[in-house]
Amino acid sequence: MNSTIEETTPVLVVGGSLVGLSTAVFLAWQGVPVVVIDKHRGSSPHPRAIGFTTRTIEHFRQVGIEVPNSVQGMKPPRRARVESLTGTWLEEYPWSPGGKGAYGAEDSPVQAIAITQDRLEPLLRARALELGAELRLGTELLGFVQDDDGVTATLRRRDDGHEYRMRAQYVVAADGAAGPVRNALDIGRHGVGPLSVQRSILFRAPLDEYLRHGVVQFEIEQPDLKAFLTTYSDGRWVLMLSDDVERDAEQQRRMVRKALGRDDIPIELVTTGRWDLAALIADRFSAGRVFLAGDAAHQLPPNRGGFGANTGIDDAHNLAWKLAAVLSGKSRPRLLDTYDAERRPVADLRHDQLFARADYKAYLDAPESAVPVLDDAAIELGQLYRSTAVLGASEDLPPAQRPDQWAGQPGTRAPHLWVTLDGEKVSTLDLFRGDWVLLSEDDRWATAAEKPVKFVHVGVDVKTLEPNAFRSAYGLDPGGATLVRPDGYIAWRAVTAPADPATDLSTAFDAVAAPA
């Protein structure tokens, strides 16, 4: 093989599924050239993830991806414990144990959406290509080495076996829980560990008549069968079995019919799968110029809070603006250290939340988890960041019990408010378009804000629909101001007007943005 480096790219993303594609979209939207490789040529035949949270939809909305509404509408799904789908229904209960879950409408301009992963990934691919990202499907990573200036990856096209080298300034590993990058970096993992091996049977069957009361998930309980059945609301269903038994087609149909409780329903088998369920968090989310995202960073089993895929997409959004800032020369590389500082605690919290809930607490050694169950919306919209990219954050705040509990605090997502801009009703989240933004009702901050900080004069540039809504939501006095990062998180705030706004803002910006 010719050892000459044939190509270069600012960012190489290893893994072209949900998290890798999201990373590519978020980077390309900010003008960062990016190459995505994946050994597969398309999405998995299994629909896999289906529930995408409010925060994830906010991310996609920001970059121009319109996700179609759920087939079942915007109501939260429900779950039932049944003898069989067509037999006795023993109990019905909400999909999420955390109250209203991620479907609360007052906290966001969007709502969570149920769309299957194999329907969402084509939308991400199309948007990534539209924004200029390069997707190399059917290409695998053979190895990589890094130095102080970049990473050299050896790649191979699977169709013709051609091997070549690519030089990247940074690499994002979104190659899954069993991907090679984390192991090559010798990064360990912690957590409860392996849980079980699940077998899945994906099939089509005309069963819509049995869907009622919004129930789309079924726990099957029979003396000789414990299984989980769910619909993707498009004619496809999946039966999950925890016995790790290989079955031929007729045996699969027999298991499906047993779960359905009828033998006369036509069943079309689509595919099967084998899944290792585990709960493991990487000890570090980066090493040098390589960053872990998604399952490579945190393997979280499926749950009703949608922690797995959504946590990975949130990783991508957090990392992308920081890479863009460093690659453009606006920020020093130390800004990238805040990725691990901010995202790993989020993964640890969600890991612990899994085992505080009914679905997984049986895996704990203790009879009960000491961790209180948090509302899903609070986990998604009320998460707290603590790093050098946040100034003035209280270290004493416990995890939010409600999405708005710590609203306005540094390190939290900037609150959503409906405002008018040029006569059009928009969300305050629409003001955060990849720039640093300073919000205040006091025009003295206008002269304090200089590039790259954009000043938004609340009450003039944008107007709230209710009096004092801005100050109330953001926790400010009349002369106060809030500095919002490109990812929509509050970096710093002055609750009251300081004697010298320009100096205070400049000091804060130098601390949190690591300007070059």
# chains A, B, ... in the order shown; residues from 1 in each chain; ligands from 1
$ residues_around --residues "A:Ser328" --least-positions-apart "6" --cutoff "10 Å" --atoms "only C-alpha atoms" --output "PDB file with all heavy atoms, in the first residue's frame"
ATOM      1  N   GLN A  30     -22.334  24.481  10.578  1.00  0.00           N
ATOM      2  CA  GLN A  30     -21.463  25.567  11.032  1.00  0.00           C
ATOM      3  C   GLN A  30     -20.278  25.785  10.103  1.00  0.00           C
ATOM      4  O   GLN A  30     -19.322  26.481  10.454  1.00  0.00           O
ATOM      5  CB  GLN A  30     -20.993  25.278  12.459  1.00  0.00           C
ATOM      6  CG  GLN A  30     -22.151  25.267  13.449  1.00  0.00           C
ATOM      7  CD  GLN A  30     -21.719  24.910  14.851  1.00  0.00           C
ATOM      8  OE1 GLN A  30     -21.330  25.780  15.624  1.00  0.00           O
ATOM      9  NE2 GLN A  30     -21.776  23.633  15.183  1.00  0.00           N
ATOM     10  N   GLY A  31     -20.341  25.168   8.918  1.00  0.00           N
ATOM     11  CA  GLY A  31     -19.326  25.409   7.910  1.00  0.00           C
ATOM     12  C   GLY A  31     -18.069  24.593   8.057  1.00  0.00           C
ATOM     13  O   GLY A  31     -17.046  24.912   7.414  1.00  0.00           O
ATOM     14  N   VAL A  32     -18.087  23.535   8.856  1.00  0.00           N
ATOM     15  CA  VAL A  32     -16.902  22.700   9.054  1.00  0.00           C
ATOM     16  C   VAL A  32     -16.923  21.547   8.062  1.00  0.00           C
ATOM     17  O   VAL A  32     -17.848  20.730   8.071  1.00  0.00           O
ATOM     18  CB  VAL A  32     -16.849  22.143  10.492  1.00  0.00           C
ATOM     19  CG1 VAL A  32     -15.639  21.217  10.654  1.00  0.00           C
ATOM     20  CG2 VAL A  32     -16.797  23.281  11.502  1.00  0.00           C
ATOM     21  N   LYS A 322     -18.025  23.332  19.602  1.00  0.00           N
ATOM     22  CA  LYS A 322     -16.697  23.516  20.171  1.00  0.00           C
ATOM     23  C   LYS A 322     -15.623  23.216  19.128  1.00  0.00           C
ATOM     24  O   LYS A 322     -14.634  23.959  19.014  1.00  0.00           O
ATOM     25  CB  LYS A 322     -16.543  22.632  21.407  1.00  0.00           C
ATOM     26  CG  LYS A 322     -17.500  23.020  22.524  1.00  0.00           C
ATOM     27  CD  LYS A 322     -17.540  22.036  23.676  1.00  0.00           C
ATOM     28  CE  LYS A 322     -18.555  22.483  24.718  1.00  0.00           C
ATOM     29  NZ  LYS A 322     -18.687  21.539  25.846  1.00  0.00           N
ATOM     30  N   ALA A 516      -9.207  32.850  21.028  1.00  0.00           N
ATOM     31  CA  ALA A 516      -7.818  32.727  20.564  1.00  0.00           C
ATOM     32  C   ALA A 516      -7.175  34.104  20.481  1.00  0.00           C
ATOM     33  O   ALA A 516      -7.845  35.109  20.279  1.00  0.00           O
ATOM     34  CB  ALA A 516      -7.795  32.060  19.206  1.00  0.00           C
TER      35      ALA A 516
END
$ residues_around --residues "A:Val270" --least-positions-apart "4" --cutoff "10 Å" --atoms "only C-alpha atoms" --output "PDB file with all heavy atoms, in the first residue's frame"
ATOM      1  N   PRO A  45     -31.686  -3.030   8.917  1.00  0.00           N
ATOM      2  CA  PRO A  45     -33.061  -3.440   8.600  1.00  0.00           C
ATOM      3  C   PRO A  45     -33.975  -3.382   9.814  1.00  0.00           C
ATOM      4  O   PRO A  45     -35.195  -3.363   9.675  1.00  0.00           O
ATOM      5  CB  PRO A  45     -32.898  -4.869   8.084  1.00  0.00           C
ATOM      6  CG  PRO A  45     -31.592  -5.344   8.638  1.00  0.00           C
ATOM      7  CD  PRO A  45     -30.726  -4.128   8.708  1.00  0.00           C
ATOM      8  N   HIS A  46     -33.384  -3.350  11.010  1.00  0.00           N
ATOM      9  CA  HIS A  46     -34.182  -3.190  12.227  1.00  0.00           C
ATOM     10  C   HIS A  46     -34.466  -1.705  12.438  1.00  0.00           C
ATOM     11  O   HIS A  46     -33.559  -0.875  12.304  1.00  0.00           O
ATOM     12  CB  HIS A  46     -33.436  -3.731  13.446  1.00  0.00           C
ATOM     13  CG  HIS A  46     -34.011  -5.008  13.971  1.00  0.00           C
ATOM     14  ND1 HIS A  46     -35.207  -5.050  14.660  1.00  0.00           N
ATOM     15  CD2 HIS A  46     -33.561  -6.276  13.916  1.00  0.00           C
ATOM     16  CE1 HIS A  46     -35.469  -6.303  15.010  1.00  0.00           C
ATOM     17  NE2 HIS A  46     -34.484  -7.081  14.560  1.00  0.00           N
ATOM     18  N   ILE A 201     -37.547 -10.449  16.922  1.00  0.00           N
ATOM     19  CA  ILE A 201     -38.206 -10.917  15.705  1.00  0.00           C
ATOM     20  C   ILE A 201     -39.021  -9.752  15.162  1.00  0.00           C
ATOM     21  O   ILE A 201     -40.004  -9.332  15.774  1.00  0.00           O
ATOM     22  CB  ILE A 201     -39.129 -12.120  15.980  1.00  0.00           C
ATOM     23  CG1 ILE A 201     -38.349 -13.265  16.641  1.00  0.00           C
ATOM     24  CG2 ILE A 201     -39.790 -12.590  14.686  1.00  0.00           C
ATOM     25  CD1 ILE A 201     -39.241 -14.404  17.121  1.00  0.00           C
ATOM     26  N   LEU A 202     -38.594  -9.218  14.038  1.00  0.00           N
ATOM     27  CA  LEU A 202     -39.314  -8.123  13.397  1.00  0.00           C
ATOM     28  C   LEU A 202     -40.271  -8.714  12.371  1.00  0.00           C
ATOM     29  O   LEU A 202     -39.872  -9.537  11.539  1.00  0.00           O
ATOM     30  CB  LEU A 202     -38.322  -7.168  12.716  1.00  0.00           C
ATOM     31  CG  LEU A 202     -38.917  -5.916  12.071  1.00  0.00           C
ATOM     32  CD1 LEU A 202     -39.447  -4.958  13.119  1.00  0.00           C
ATOM     33  CD2 LEU A 202     -37.864  -5.221  11.194  1.00  0.00           C
ATOM     34  N   PHE A 203     -41.534  -8.300  12.436  1.00  0.00           N
ATOM     35  CA  PHE A 203     -42.533  -8.893  11.539  1.00  0.00           C
ATOM     36  C   PHE A 203     -43.601  -7.871  11.192  1.00  0.00           C
ATOM     37  O   PHE A 203     -43.736  -6.823  11.843  1.00  0.00           O
ATOM     38  CB  PHE A 203     -43.171 -10.126  12.194  1.00  0.00           C
ATOM     39  CG  PHE A 203     -43.981  -9.835  13.435  1.00  0.00           C
ATOM     40  CD1 PHE A 203     -45.362  -9.669  13.365  1.00  0.00           C
ATOM     41  CD2 PHE A 203     -43.360  -9.733  14.680  1.00  0.00           C
ATOM     42  CE1 PHE A 203     -46.106  -9.398  14.511  1.00  0.00           C
ATOM     43  CE2 PHE A 203     -44.105  -9.471  15.830  1.00  0.00           C
ATOM     44  CZ  PHE A 203     -45.481  -9.296  15.749  1.00  0.00           C
ATOM     45  N   ARG A 204     -44.340  -8.177  10.153  1.00  0.00           N
ATOM     46  CA  ARG A 204     -45.516  -7.397   9.765  1.00  0.00           C
ATOM     47  C   ARG A 204     -46.762  -8.251   9.995  1.00  0.00           C
ATOM     48  O   ARG A 204     -46.760  -9.450   9.725  1.00  0.00           O
ATOM     49  CB  ARG A 204     -45.452  -6.976   8.296  1.00  0.00           C
ATOM     50  CG  ARG A 204     -44.338  -6.003   7.970  1.00  0.00           C
ATOM     51  CD  ARG A 204     -44.388  -5.600   6.495  1.00  0.00           C
ATOM     52  NE  ARG A 204     -43.292  -4.718   6.148  1.00  0.00           N
ATOM     53  CZ  ARG A 204     -43.311  -3.392   6.298  1.00  0.00           C
ATOM     54  NH1 ARG A 204     -44.407  -2.822   6.794  1.00  0.00           N
ATOM     55  NH2 ARG A 204     -42.275  -2.661   5.955  1.00  0.00           N
ATOM     56  N   ARG A 236     -45.217  -2.566  11.148  1.00  0.00           N
ATOM     57  CA  ARG A 236     -44.136  -3.402  11.658  1.00  0.00           C
ATOM     58  C   ARG A 236     -44.248  -3.542  13.176  1.00  0.00           C
ATOM     59  O   ARG A 236     -44.566  -2.573  13.883  1.00  0.00           O
ATOM     60  CB  ARG A 236     -42.771  -2.816  11.296  1.00  0.00           C
ATOM     61  CG  ARG A 236     -42.470  -2.864   9.807  1.00  0.00           C
ATOM     62  CD  ARG A 236     -41.095  -2.304   9.499  1.00  0.00           C
ATOM     63  NE  ARG A 236     -40.980  -0.886   9.832  1.00  0.00           N
ATOM     64  CZ  ARG A 236     -39.859  -0.178   9.707  1.00  0.00           C
ATOM     65  NH1 ARG A 236     -38.756  -0.768   9.273  1.00  0.00           N
ATOM     66  NH2 ARG A 236     -39.837   1.106  10.021  1.00  0.00           N
ATOM     67  N   TRP A 237     -43.978  -4.745  13.655  1.00  0.00           N
ATOM     68  CA  TRP A 237     -43.962  -5.054  15.071  1.00  0.00           C
ATOM     69  C   TRP A 237     -42.662  -5.772  15.394  1.00  0.00           C
ATOM     70  O   TRP A 237     -42.043  -6.370  14.516  1.00  0.00           O
ATOM     71  CB  TRP A 237     -45.138  -5.977  15.438  1.00  0.00           C
ATOM     72  CG  TRP A 237     -46.497  -5.357  15.303  1.00  0.00           C
ATOM     73  CD1 TRP A 237     -47.139  -5.008  14.145  1.00  0.00           C
ATOM     74  CD2 TRP A 237     -47.385  -5.027  16.369  1.00  0.00           C
ATOM     75  NE1 TRP A 237     -48.370  -4.482  14.423  1.00  0.00           N
ATOM     76  CE2 TRP A 237     -48.560  -4.488  15.787  1.00  0.00           C
ATOM     77  CE3 TRP A 237     -47.324  -5.157  17.763  1.00  0.00           C
ATOM     78  CZ2 TRP A 237     -49.641  -4.058  16.544  1.00  0.00           C
ATOM     79  CZ3 TRP A 237     -48.403  -4.743  18.523  1.00  0.00           C
ATOM     80  CH2 TRP A 237     -49.537  -4.192  17.914  1.00  0.00           C
ATOM     81  N   VAL A 238     -42.261  -5.709  16.659  1.00  0.00           N
ATOM     82  CA  VAL A 238     -41.091  -6.468  17.078  1.00  0.00           C
ATOM     83  C   VAL A 238     -41.408  -7.189  18.381  1.00  0.00           C
ATOM     84  O   VAL A 238     -42.042  -6.631  19.287  1.00  0.00           O
ATOM     85  CB  VAL A 238     -39.840  -5.575  17.236  1.00  0.00           C
ATOM     86  CG1 VAL A 238     -39.983  -4.587  18.379  1.00  0.00           C
ATOM     87  CG2 VAL A 238     -38.587  -6.426  17.399  1.00  0.00           C
TER      88      VAL A 238
END
$ closest_residue --among "A:Ala389, A:Asn303, A:Val245, A:Gly191" --to "A:His351" --atoms "only C-alpha atoms"
A:Gly191
$ select_by_dssp --residues "stretch 142-262 of chain A" --states "alpha helix (DSSP H)" --output "number ranges by chain"
A: 180-184, 249-260
$ select_by_dssp --residues "stretch 11-129 of chain A" --states "strand (DSSP E or B)" --output "PyMOL selection string"
chain A and resi 11-14+34-38+51-52+78-82+89-94+113-114
$ residues_around --residues "A:Trp406" --least-positions-apart "5" --cutoff "8 Å" --atoms "only C-alpha atoms" --output "JSON, numbers by chain"
{"A": [382, 400, 412]}
$ atom_distance --atom1 "atom CA of A:Arg79" --atom2 "atom CA of A:Val215"
5.2 Å
$ closest_residue --among "A:Pro415, A:Gly306, A:Gly132, A:Pro94" --to "A:Ala80" --atoms "only C-alpha atoms"
A:Pro94
$ residues_around --residues "stretch 390-395 of chain A" --least-positions-apart "4" --cutoff "8 Å" --atoms "only C-alpha atoms" --output "ChimeraX atom specification"
/A:385-386,409-411,490-493,508,511-512
$ closest_residue --among "A:Ala296, A:Leu323, A:Ile265, A:Ala287" --to "A:Leu12" --atoms "only C-alpha atoms"
A:Leu323
$ residues_around --residues "A:Arg41" --least-positions-apart "6" --cutoff "10 Å" --atoms "only C-alpha atoms" --output "list in words"
Gly16, Arg136, Leu137, Gly138, Thr139 and Arg158 of chain A
$ atom_distance --atom1 "atom CA of A:Gly193" --atom2 "atom CA of A:Phe285"
17.7 Å
$ atom_distance --atom1 "atom CA of A:Ser331" --atom2 "atom CA of A:Tyr489"
17.1 Å
$ closest_residue --among "A:Ala205, A:Val216, A:Asp107, A:Gly15" --to "A:Pro77" --atoms "only C-alpha atoms"
A:Val216
$ residues_around --residues "stretch 463-474 of chain A" --least-positions-apart "6" --cutoff "9 Å" --atoms "only C-alpha atoms" --output "list in words"
Asp404, Ala407, Gly408, Gln409, Ala414, Pro415, His416, Leu417, Trp418, Val419, Thr420, Leu421, Ser440, Glu441, His457, Gly480, Ala481, Thr482 and Val495 of chain A
$ write_last_selection --atoms "all heavy atoms" --output "compact mmCIF listing (two decimals), in the first residue's frame"
# COMPACT_ATOMS: atom_id res chain seq x y z
N ASP A 404 -37.97 23.53 34.50
CA ASP A 404 -37.71 24.95 34.76
C ASP A 404 -37.19 25.22 36.17
O ASP A 404 -37.09 26.37 36.58
CB ASP A 404 -38.97 25.77 34.52
CG ASP A 404 -40.12 25.35 35.43
OD1 ASP A 404 -40.00 24.31 36.11
OD2 ASP A 404 -41.15 26.06 35.45
N ALA A 407 -34.11 27.22 35.86
CA ALA A 407 -34.13 28.04 34.64
C ALA A 407 -33.40 29.36 34.86
O ALA A 407 -33.57 30.03 35.88
CB ALA A 407 -35.57 28.31 34.22
N GLY A 408 -32.58 29.72 33.89
CA GLY A 408 -31.82 30.95 33.94
C GLY A 408 -30.46 30.82 34.58
O GLY A 408 -29.61 31.72 34.44
N GLN A 409 -30.21 29.71 35.29
CA GLN A 409 -28.93 29.52 35.94
C GLN A 409 -27.84 29.24 34.91
O GLN A 409 -28.08 28.55 33.91
CB GLN A 409 -29.01 28.34 36.91
CG GLN A 409 -29.88 28.55 38.12
CD GLN A 409 -29.13 29.23 39.25
OE1 GLN A 409 -27.91 29.42 39.18
NE2 GLN A 409 -29.85 29.61 40.29
N ALA A 414 -30.97 27.62 27.85
CA ALA A 414 -31.69 28.89 27.87
C ALA A 414 -33.18 28.63 27.71
O ALA A 414 -33.59 27.87 26.84
CB ALA A 414 -31.19 29.79 26.75
N PRO A 415 -34.02 29.24 28.56
CA PRO A 415 -35.45 28.93 28.52
C PRO A 415 -36.11 29.35 27.21
O PRO A 415 -35.72 30.34 26.57
CB PRO A 415 -36.02 29.76 29.69
CG PRO A 415 -34.86 30.00 30.59
CD PRO A 415 -33.67 30.12 29.68
N HIS A 416 -37.10 28.58 26.84
CA HIS A 416 -37.95 28.90 25.69
C HIS A 416 -39.03 29.89 26.10
O HIS A 416 -39.71 29.70 27.11
CB HIS A 416 -38.59 27.63 25.14
CG HIS A 416 -39.91 27.85 24.46
ND1 HIS A 416 -40.02 28.51 23.25
CD2 HIS A 416 -41.19 27.54 24.84
CE1 HIS A 416 -41.30 28.57 22.89
NE2 HIS A 416 -42.02 27.99 23.85
N LEU A 417 -39.16 30.96 25.33
CA LEU A 417 -40.28 31.90 25.44
C LEU A 417 -40.75 32.22 24.04
O LEU A 417 -39.93 32.32 23.10
CB LEU A 417 -39.84 33.20 26.12
CG LEU A 417 -39.57 33.22 27.61
CD1 LEU A 417 -39.03 34.59 28.00
CD2 LEU A 417 -40.83 32.90 28.40
N TRP A 418 -42.04 32.39 23.88
CA TRP A 418 -42.53 32.90 22.60
C TRP A 418 -42.34 34.41 22.58
O TRP A 418 -42.70 35.11 23.52
CB TRP A 418 -44.00 32.56 22.40
CG TRP A 418 -44.26 31.11 22.15
CD1 TRP A 418 -44.93 30.23 22.94
CD2 TRP A 418 -43.82 30.35 21.00
NE1 TRP A 418 -44.95 28.97 22.39
CE2 TRP A 418 -44.28 29.01 21.20
CE3 TRP A 418 -43.09 30.66 19.85
CZ2 TRP A 418 -44.03 28.01 20.26
CZ3 TRP A 418 -42.84 29.65 18.94
CH2 TRP A 418 -43.31 28.35 19.14
N VAL A 419 -41.72 34.90 21.51
CA VAL A 419 -41.48 36.33 21.32
C VAL A 419 -41.83 36.69 19.89
O VAL A 419 -42.04 35.81 19.04
CB VAL A 419 -40.00 36.70 21.61
CG1 VAL A 419 -39.64 36.42 23.06
CG2 VAL A 419 -39.05 35.95 20.68
N THR A 420 -41.90 37.99 19.62
CA THR A 420 -42.10 38.44 18.24
C THR A 420 -40.81 39.06 17.73
O THR A 420 -40.15 39.84 18.42
CB THR A 420 -43.24 39.46 18.13
OG1 THR A 420 -42.98 40.58 18.99
CG2 THR A 420 -44.57 38.82 18.51
N LEU A 421 -40.45 38.70 16.53
CA LEU A 421 -39.26 39.21 15.86
C LEU A 421 -39.68 39.66 14.46
O LEU A 421 -40.13 38.84 13.66
CB LEU A 421 -38.18 38.12 15.77
CG LEU A 421 -36.92 38.44 14.97
CD1 LEU A 421 -36.14 39.58 15.61
CD2 LEU A 421 -36.05 37.20 14.81
N SER A 440 -30.63 41.12 26.91
CA SER A 440 -30.91 42.05 28.01
C SER A 440 -31.99 43.03 27.58
O SER A 440 -32.16 43.32 26.39
CB SER A 440 -29.66 42.82 28.41
OG SER A 440 -29.94 43.72 29.47
N GLU A 441 -32.71 43.54 28.59
CA GLU A 441 -33.67 44.62 28.34
C GLU A 441 -33.01 45.98 28.44
O GLU A 441 -33.63 47.00 28.11
CB GLU A 441 -34.82 44.53 29.34
CG GLU A 441 -35.70 43.31 29.18
CD GLU A 441 -36.82 43.24 30.19
OE1 GLU A 441 -36.70 43.90 31.26
OE2 GLU A 441 -37.81 42.55 29.92
N HIS A 457 -31.60 43.05 22.03
CA HIS A 457 -32.27 43.98 22.95
C HIS A 457 -33.71 43.51 23.13
O HIS A 457 -34.56 43.71 22.26
CB HIS A 457 -32.22 45.40 22.39
CG HIS A 457 -32.60 46.44 23.39
ND1 HIS A 457 -32.64 47.79 23.08
CD2 HIS A 457 -32.95 46.36 24.71
CE1 HIS A 457 -33.00 48.47 24.15
NE2 HIS A 457 -33.20 47.62 25.15
N GLY A 480 -30.20 43.41 34.19
CA GLY A 480 -29.35 42.23 34.04
C GLY A 480 -29.22 41.75 32.60
O GLY A 480 -29.92 42.22 31.69
N ALA A 481 -28.33 40.80 32.40
CA ALA A 481 -28.08 40.25 31.06
C ALA A 481 -27.66 38.79 31.17
O ALA A 481 -27.12 38.35 32.18
CB ALA A 481 -26.99 41.04 30.34
N THR A 482 -27.91 38.06 30.10
CA THR A 482 -27.56 36.63 30.02
C THR A 482 -26.75 36.37 28.76
O THR A 482 -27.15 36.78 27.66
CB THR A 482 -28.83 35.76 30.00
OG1 THR A 482 -29.50 35.86 31.26
CG2 THR A 482 -28.48 34.30 29.77
N VAL A 495 -27.12 39.15 37.05
CA VAL A 495 -28.51 39.29 37.48
C VAL A 495 -28.91 40.75 37.55
O VAL A 495 -30.02 41.13 37.17
CB VAL A 495 -28.71 38.60 38.85
CG1 VAL A 495 -30.13 38.85 39.38
CG2 VAL A 495 -28.44 37.11 38.74
$ decode --residues "stretch 314-321 of chain A" --atoms "all heavy atoms" --output "mmCIF file, in the first residue's frame"
data_model
loop_
_atom_site.group_PDB
_atom_site.id
_atom_site.type_symbol
_atom_site.label_atom_id
_atom_site.label_comp_id
_atom_site.auth_asym_id
_atom_site.auth_seq_id
_atom_site.Cartn_x
_atom_site.Cartn_y
_atom_site.Cartn_z
ATOM 1 N N ASP A 314 -27.272 14.436 21.689
ATOM 2 C CA ASP A 314 -26.910 15.584 22.522
ATOM 3 C C ASP A 314 -25.385 15.720 22.629
ATOM 4 O O ASP A 314 -24.854 16.838 22.652
ATOM 5 C CB ASP A 314 -27.521 15.408 23.909
ATOM 6 C CG ASP A 314 -28.044 16.714 24.490
ATOM 7 O OD1 ASP A 314 -28.152 17.695 23.737
ATOM 8 O OD2 ASP A 314 -28.373 16.748 25.692
ATOM 9 N N ASP A 315 -24.672 14.584 22.704
ATOM 10 C CA ASP A 315 -23.198 14.625 22.656
ATOM 11 C C ASP A 315 -22.730 15.365 21.405
ATOM 12 O O ASP A 315 -21.869 16.248 21.467
ATOM 13 C CB ASP A 315 -22.609 13.213 22.588
ATOM 14 C CG ASP A 315 -22.835 12.373 23.820
ATOM 15 O OD1 ASP A 315 -23.128 12.927 24.890
ATOM 16 O OD2 ASP A 315 -22.723 11.132 23.697
ATOM 17 N N ALA A 316 -23.291 14.956 20.274
ATOM 18 C CA ALA A 316 -22.870 15.511 18.993
ATOM 19 C C ALA A 316 -23.092 17.014 18.943
ATOM 20 O O ALA A 316 -22.247 17.780 18.451
ATOM 21 C CB ALA A 316 -23.622 14.822 17.857
ATOM 22 N N HIS A 317 -24.228 17.462 19.451
ATOM 23 C CA HIS A 317 -24.544 18.897 19.439
ATOM 24 C C HIS A 317 -23.584 19.668 20.336
ATOM 25 O O HIS A 317 -23.151 20.778 19.994
ATOM 26 C CB HIS A 317 -25.996 19.093 19.895
ATOM 27 C CG HIS A 317 -26.542 20.453 19.630
ATOM 28 N ND1 HIS A 317 -26.592 21.433 20.598
ATOM 29 C CD2 HIS A 317 -27.055 21.017 18.510
ATOM 30 C CE1 HIS A 317 -27.121 22.527 20.090
ATOM 31 N NE2 HIS A 317 -27.402 22.301 18.820
ATOM 32 N N ASN A 318 -23.250 19.103 21.485
ATOM 33 C CA ASN A 318 -22.325 19.751 22.409
ATOM 34 C C ASN A 318 -20.933 19.860 21.821
ATOM 35 O O ASN A 318 -20.253 20.891 21.950
ATOM 36 C CB ASN A 318 -22.295 18.964 23.721
ATOM 37 C CG ASN A 318 -21.394 19.571 24.776
ATOM 38 O OD1 ASN A 318 -20.174 19.435 24.716
ATOM 39 N ND2 ASN A 318 -21.992 20.235 25.750
ATOM 40 N N LEU A 319 -20.484 18.802 21.171
ATOM 41 C CA LEU A 319 -19.118 18.769 20.637
ATOM 42 C C LEU A 319 -18.960 19.600 19.381
ATOM 43 O O LEU A 319 -17.911 20.230 19.162
ATOM 44 C CB LEU A 319 -18.719 17.318 20.364
ATOM 45 C CG LEU A 319 -17.333 17.063 19.784
ATOM 46 C CD1 LEU A 319 -16.245 17.597 20.702
ATOM 47 C CD2 LEU A 319 -17.135 15.573 19.521
ATOM 48 N N ALA A 320 -19.985 19.640 18.544
ATOM 49 C CA ALA A 320 -19.846 20.247 17.218
ATOM 50 C C ALA A 320 -19.503 21.729 17.295
ATOM 51 O O ALA A 320 -18.617 22.207 16.574
ATOM 52 C CB ALA A 320 -21.117 20.028 16.409
ATOM 53 N N TRP A 321 -20.194 22.487 18.151
ATOM 54 C CA TRP A 321 -19.912 23.928 18.178
ATOM 55 C C TRP A 321 -18.518 24.208 18.726
ATOM 56 O O TRP A 321 -17.866 25.183 18.328
ATOM 57 C CB TRP A 321 -20.985 24.671 18.967
ATOM 58 C CG TRP A 321 -20.905 24.588 20.467
ATOM 59 C CD1 TRP A 321 -21.517 23.682 21.273
ATOM 60 C CD2 TRP A 321 -20.177 25.473 21.344
ATOM 61 N NE1 TRP A 321 -21.227 23.931 22.594
ATOM 62 C CE2 TRP A 321 -20.411 25.029 22.676
ATOM 63 C CE3 TRP A 321 -19.360 26.590 21.151
ATOM 64 C CZ2 TRP A 321 -19.857 25.657 23.790
ATOM 65 C CZ3 TRP A 321 -18.801 27.221 22.265
ATOM 66 C CH2 TRP A 321 -19.052 26.756 23.563
#
